[in-house]
Number of protein chains: 2
Amino acid sequence: MSRVVMKFGGTSVADLDRIANAAKKVEQEVANGHEVVVIVSAMSGKTNELVGWVRETSDMHDRAEYDAIVSSGENITAGLLAQRLKEMGISARSWQGWQVPVQTTGAHEAARIEGIPSDNLDASFASGHKVAVVAGFQGIGPDGRITTLGRGGSDTTAVAFAAALDAVRCDIYTDVDGIYTTDPRIVSTARKIRKISYEEMLELASLGAKVLQTRSVELAMRYKVPLRVLSSFEDDISETAGTLVCDEEDTMESKVVHGIAYSKDEAKVTLVSVADRPGIAAAIFGPLADAGVNVDMIVQNISEDGRTDMTFSCPVDQVPHALKAMDEAKMDLNFEKIVTDTEVAKVSMVGVGMRSHAGVAAKMFKILANEGVNIQVITTSEIKVSVLVDRKYMELAVRALHDAFELETAA
Amino acid sequence: MSRVVMKFGGTSVADLDRIANAAKKVEQEVANGHEVVVIVSAMSGKTNELVGWVRETSDMHDRAEYDAIVSSGENITAGLLAQRLKEMGISARSWQGWQVPVQTTGAHEAARIEGIPSDNLDASFASGHKVAVVAGFQGIGPDGRITTLGRGGSDTTAVAFAAALDAVRCDIYTDVDGIYTTDPRIVSTARKIRKISYEEMLELASLGAKVLQTRSVELAMRYKVPLRVLSSFEDDISETAGTLVCDEEDTMESKVVHGIAYSKDEAKVTLVSVADRPGIAAAIFGPLADAGVNVDMIVQNISEDGRTDMTFSCPVDQVPHALKAMDEAKMDLNFEKIVTDTEVAKVSMVGVGMRSHAGVAAKMFKILANEGVNIQVITTSEIKVSVLVDRKYMELAVRALHDAFELETAA
């Protein structure tokens, strides 16, 4: 019998009404003839309540106790949903991570799944259960203690179960109905993408389209699990609903550019007149990494008289850490001054078609130039072009690119 | 190294301040040189929230899911207390029932503890941990699912751990500072009892002094675990604090009567003129048991012309069930009418000394007669005399007996 995995996030199980709503979707998949594994998050707000208590109890909280406490949020949802399903006459039971077991590393708060032996769930299905409701985000470490997977871990749990149980599909139910060509709040003609490749989704996920957790997409790509994003607030859960994230060869659209992402809260930091010597990059970015600064784009100017300007971007709230780290390294780096611009934004175009189509970046630059948008920094990958622009031009840039590349129409 | 078990109920861990307060008491026992097992309940109100969700989700809730959901309340407290202890520099960790494991029967919501292998906790203490904080009220059934022990189960958990881990003492921290000769709200001279025997405590517990769960006292008696009741809101936790429940030979006081208990919400039901034939008692009390009526006292009048009156007492809120059951059995019982009195109360005197002292009951009846209190029903056991009286005389009766038997002074 075919199996599907369904995952419901915090807002999709926020209260008892929404849990009942999720149960109806599970009922449909059972009616479709599937054995269903449901992965649930904590009711939204619940995790924050628990984390608040942990923080209040201790300044330097114990990570193992944090996991033992916080994981109970998912356990509660799993029990409630299983009970709801039984009330509807569907043979279901809840599973906590250790019961499956979801075997993880011992890294509390940031554990990685190492294995999910399917024996217990196989036996449960064989005995007649139609649904296994599993608490997401958690597992059991080598020492028998409870672990959690870190932020967004329930998506990863869902994909791991789909891989371990050989599911035909992993459906992620969330509060949006799919992946769009860009943010519909900015571009009214933004179109829902029917199918997108894992690679493109990874670029979009890390670029600010926060629908799917990056690790879950990586895992889906590795195990070739078809991953679908769809709304828990709409009735349609048929094959054509939502957005399917799958192998490149299974995507139908032939658009060169598939989506346009943006990230608002970026900052640009320039070290003016740094000695251009071997090892200078390591001398700059080593201390930044140590200070926990997530450096994104990096540009090094042409060298003049043995000195150069070094520019990088990072999230705007990390600028103080970056400046402190650079200040402490000033003796070594010997730069003239630091110039900071906290009013920038990043706009990125993503599409696997770029691999085979030359001139995509050039077209992008021309479109932005026509709109009078100055490009401050550029980075590219095989399937992506990102530019840093003045934040006030961000929406204009997204709209102009969406129009010019005709993303409002399917290929 | 000697071990003690400490148990904190819901009001003693109601919020983070109280959890911090409990941690200080644990710290003292560690400083006293003990290895400490702490059993915790859910933060008060937490269990009711979870039970509320269960009830709302389903009319006929699934008992296994109920246990999986509700047990998370204790897990949260255990994690928070362990973390608090670590913050104070005390080597502690939390344990959920299945991790110990607390092996129980599979009877969800009403499981009984079958065994607590001490290997895991022994190893934890041997590795240097000073405190094991265990989630009370829960265990793991033969099928690997989570079970709960039913109301008051955390007391039972505590005693079972004390027995399994060979603890020198099991301290139950609660919101009263011990067992009193009677309710201090009724008799201002009521005195805290220093030591009381298991048997007496059992009579008092079942008579309405709701400090300790009956099952926990039975278990303590069986395994000879010294059980102490003391306040979590007072600083004194020395050997003389609270009330110690222990073997009869270890109790020092020589009072004949040890305590006076009462129960307000009683009702008296009389079947007038029942045929006095063999099997009539079974014909009456069988249907009552089937209807879930907890019959307490039973009196059968002298028979006259082959007919008799049968009187029994039960909690006042069960009277409708009792009347319905009797009405349905009327054809068989052939009684003349039913007379109900819902304005009665039970007053009981308890003391192991009654075994060797004759005339205690007679003295009790005389005292009540002197006060003009009419006795409606009498029952006795080896160590107890209970009477049913008009509810309006209840407090008068308790005070008169407390004075006459001089319970305000220690022996």
# chains A, B, ... in the order shown; residues from 1 in each chain; ligands from 1

$ residues_around --residues "B:Gly372" --least-positions-apart "2" --cutoff "12 Å" --atoms "only C-alpha atoms" --output "list in words"
Phe365, Lys366, Ile367, Leu368, Ala369, Asn370, Asn374, Ile375, Val389, Asp390, Lys392, Tyr393, Met394, Leu396, Ala397 and Ala400 of chain B

$ write_last_selection --atoms "C-alpha atoms" --output "CSV table (one decimal), in the first residue's frame"
chain,number,residue,atom,x,y,z
B,365,PHE,CA,-21.6,8.1,72.4
B,366,LYS,CA,-21.9,9.6,75.9
B,367,ILE,CA,-20.0,12.8,74.9
B,368,LEU,CA,-22.3,13.3,71.9
B,369,ALA,CA,-25.4,12.5,74.0
B,370,ASN,CA,-24.3,15.2,76.6
B,374,ASN,CA,-28.4,12.3,68.0
B,375,ILE,CA,-26.5,9.5,66.4
B,389,VAL,CA,-25.1,12.8,62.6
B,390,ASP,CA,-27.3,15.7,61.5
B,392,LYS,CA,-25.7,21.1,61.6
B,393,TYR,CA,-24.2,19.3,64.7
B,394,MET,CA,-21.0,18.2,62.9
B,396,LEU,CA,-20.1,20.8,67.6
B,397,ALA,CA,-19.4,17.0,67.6
B,400,ALA,CA,-16.6,18.1,71.8

$ interface_residues --of "chain B" --to "chain A" --cutoff "7 Å" --atoms "only C-alpha atoms" --output "list in words"
Leu16, Val54, Thr57, Ser58, His61, Asp62, Glu65, Ala68, Ile69, Ser72, Asn75, Ile76, Gly79, Leu80, Gln83, Arg84, Glu87 and Ser94 of chain B

$ write_last_selection --atoms "C-alpha atoms" --output "mmCIF file, in the first residue's frame"
data_model
loop_
_atom_site.group_PDB
_atom_site.id
_atom_site.type_symbol
_atom_site.label_atom_id
_atom_site.label_comp_id
_atom_site.auth_asym_id
_atom_site.auth_seq_id
_atom_site.Cartn_x
_atom_site.Cartn_y
_atom_site.Cartn_z
ATOM 1 C CA LEU B 16 8.777 29.319 38.448
ATOM 2 C CA VAL B 54 -8.623 16.269 25.411
ATOM 3 C CA THR B 57 -11.292 17.133 20.971
ATOM 4 C CA SER B 58 -13.387 14.072 21.529
ATOM 5 C CA HIS B 61 -11.590 10.180 24.477
ATOM 6 C CA ASP B 62 -8.952 7.587 23.701
ATOM 7 C CA GLU B 65 -3.830 9.334 23.797
ATOM 8 C CA ALA B 68 0.360 10.585 26.066
ATOM 9 C CA ILE B 69 -0.993 14.131 26.228
ATOM 10 C CA SER B 72 3.630 16.050 29.341
ATOM 11 C CA ASN B 75 7.736 16.233 32.034
ATOM 12 C CA ILE B 76 7.813 20.012 31.807
ATOM 13 C CA GLY B 79 12.901 19.579 33.093
ATOM 14 C CA LEU B 80 12.464 23.003 34.670
ATOM 15 C CA GLN B 83 17.562 22.998 35.015
ATOM 16 C CA ARG B 84 17.073 25.193 38.046
ATOM 17 C CA GLU B 87 21.859 26.645 37.540
ATOM 18 C CA SER B 94 15.365 15.015 34.550
#

$ residues_around --residues "A:Gly115" --least-positions-apart "3" --cutoff "12 Å" --atoms "only C-alpha atoms" --output "PDB file with C-alpha atoms, in the first residue's frame"
ATOM      1  CA  GLY A  97      10.127  10.604  18.737  1.00  0.00           C
ATOM      2  CA  TRP A  98      11.660   8.011  21.084  1.00  0.00           C
ATOM      3  CA  VAL A 100       9.476   5.319  16.651  1.00  0.00           C
ATOM      4  CA  PRO A 101      12.497   5.730  17.352  1.00  0.00           C
ATOM      5  CA  VAL A 102      13.871   8.779  15.541  1.00  0.00           C
ATOM      6  CA  GLN A 103      17.580   8.220  16.154  1.00  0.00           C
ATOM      7  CA  THR A 104      19.636  11.409  16.248  1.00  0.00           C
ATOM      8  CA  THR A 105      23.068  12.676  17.165  1.00  0.00           C
ATOM      9  CA  ALA A 111      20.543  17.289  16.569  1.00  0.00           C
ATOM     10  CA  ARG A 112      20.676  15.638  13.147  1.00  0.00           C
ATOM     11  CA  SER A 118      10.708   1.600  10.103  1.00  0.00           C
ATOM     12  CA  ASP A 119       9.961  -1.646  11.991  1.00  0.00           C
ATOM     13  CA  GLY A 139      14.291  12.403  18.463  1.00  0.00           C
ATOM     14  CA  ILE A 140      16.317  10.331  20.880  1.00  0.00           C
ATOM     15  CA  GLY A 141      20.085  10.631  21.258  1.00  0.00           C
ATOM     16  CA  PRO A 142      22.643   7.825  21.675  1.00  0.00           C
ATOM     17  CA  THR A 157      11.393  15.248  10.289  1.00  0.00           C
ATOM     18  CA  ALA A 160      13.221  11.989   6.779  1.00  0.00           C
ATOM     19  CA  PHE A 161      10.093   9.912   7.419  1.00  0.00           C
ATOM     20  CA  ALA A 163      12.608   8.748   2.856  1.00  0.00           C
ATOM     21  CA  ALA A 164      12.674   6.072   5.588  1.00  0.00           C
ATOM     22  CA  LEU A 165       9.163   4.805   4.872  1.00  0.00           C
TER      23      LEU A 165
END

$ residues_around --residues "stretch 310-326 of chain B" --least-positions-apart "6" --cutoff "10 Å" --atoms "only C-alpha atoms" --output "number ranges by chain"
B: 263-276, 280-281, 283-302, 332-333, 335, 338-346, 376-377, 388

$ residues_around --residues "A:Gly178" --least-positions-apart "4" --cutoff "9 Å" --atoms "only C-alpha atoms" --output "compact mmCIF listing (two decimals) with C-alpha atoms, in the first residue's frame"
# COMPACT_ATOMS: atom_id res chain seq x y z
CA THR A 174 1.44 25.63 5.82
CA LYS A 192 2.04 30.29 -8.13
CA ILE A 193 4.68 27.91 -9.47
CA ARG A 194 3.36 24.42 -10.17
CA VAL A 211 8.30 28.60 3.34
CA ARG A 228 4.82 19.56 -1.92
CA VAL A 229 3.91 22.86 -0.30
CA LEU A 230 0.21 23.52 0.11
CA SER A 231 -2.22 25.46 2.23
CA ALA A 241 -2.71 21.78 -5.58
CA GLY A 242 0.21 23.74 -4.19
CA THR A 243 3.77 23.66 -5.49
CA LEU A 244 5.71 20.46 -6.06

$ select_by_dssp --residues "stretch 201-399 of chain B" --states "alpha helix (DSSP H)" --output "JSON, numbers by chain"
{"B": [201, 202, 203, 204, 205, 206, 214, 215, 216, 217, 218, 219, 220, 221, 222, 223, 280, 281, 282, 283, 284, 285, 286, 287, 288, 289, 290, 319, 320, 321, 322, 323, 324, 325, 326, 327, 328, 330, 331, 332, 333, 360, 361, 362, 363, 364, 365, 366, 367, 368, 369, 370, 394, 395, 396, 397, 398, 399]}

$ atom_distance --atom1 "atom CA of B:Asp155" --atom2 "atom CA of B:Glu249"
23.7 Å

$ closest_atom_pairs --of "stretch 112-160 of chain A" --to "stretch 21-30 of chain A" --cutoff "12 Å" --atoms "only C-alpha atoms" --output "CSV"
residue,atom,partner,partner_atom,distance
A:His129,CA,A:Val30,CA,10.6
A:Lys130,CA,A:Val30,CA,6.9
A:Val131,CA,A:Val30,CA,7.9
A:Ala132,CA,A:Val26,CA,10.5
A:Val133,CA,A:Val26,CA,10.1

$ write_last_selection --atoms "N, CA and C atoms" --output "short mmCIF file (atom, residue, chain, number, x, y, z; two decimals), in the first residue's frame"
data_model
loop_
_atom_site.label_atom_id
_atom_site.label_comp_id
_atom_site.auth_asym_id
_atom_site.auth_seq_id
_atom_site.Cartn_x
_atom_site.Cartn_y
_atom_site.Cartn_z
N HIS A 129 -3.55 -0.10 11.69
CA HIS A 129 -3.61 1.37 11.82
C HIS A 129 -3.49 1.99 10.44
N LYS A 130 -4.27 3.03 10.20
CA LYS A 130 -4.21 3.74 8.93
C LYS A 130 -3.34 4.98 9.03
N VAL A 131 -3.20 5.51 10.23
CA VAL A 131 -2.48 6.77 10.41
C VAL A 131 -1.53 6.69 11.61
N ALA A 132 -0.29 7.14 11.39
CA ALA A 132 0.66 7.33 12.48
C ALA A 132 0.88 8.82 12.64
N VAL A 133 0.51 9.36 13.79
CA VAL A 133 0.72 10.79 14.03
C VAL A 133 1.99 10.94 14.85
#

$ residues_around --residues "B:Met6" --least-positions-apart "3" --cutoff "9 Å" --atoms "only C-alpha atoms" --output "PyMOL selection string"
chain B and resi 26+36-40+158+169-173

$ atom_distance --atom1 "atom CA of A:Gly353" --atom2 "atom CA of A:Val387"
18.6 Å

$ select_by_dssp --residues "stretch 151-308 of chain A" --states "strand (DSSP E)" --output "PyMOL selection string"
chain A and resi 169-174+195-197+227-231+243-246+259-275+298-300+307-308

$ residues_around --residues "A:Phe405" --least-positions-apart "6" --cutoff "12 Å" --atoms "only C-alpha atoms" --output "list in words"
Thr181, Thr182, Ala190, Lys255, Val256, Val257, His258, Gly259, Ile260, Met349, Val350, Gly351, Val360, Ala361, Lys363, Met364, Ile367, Val398, Arg399 and Ala411 of chain A
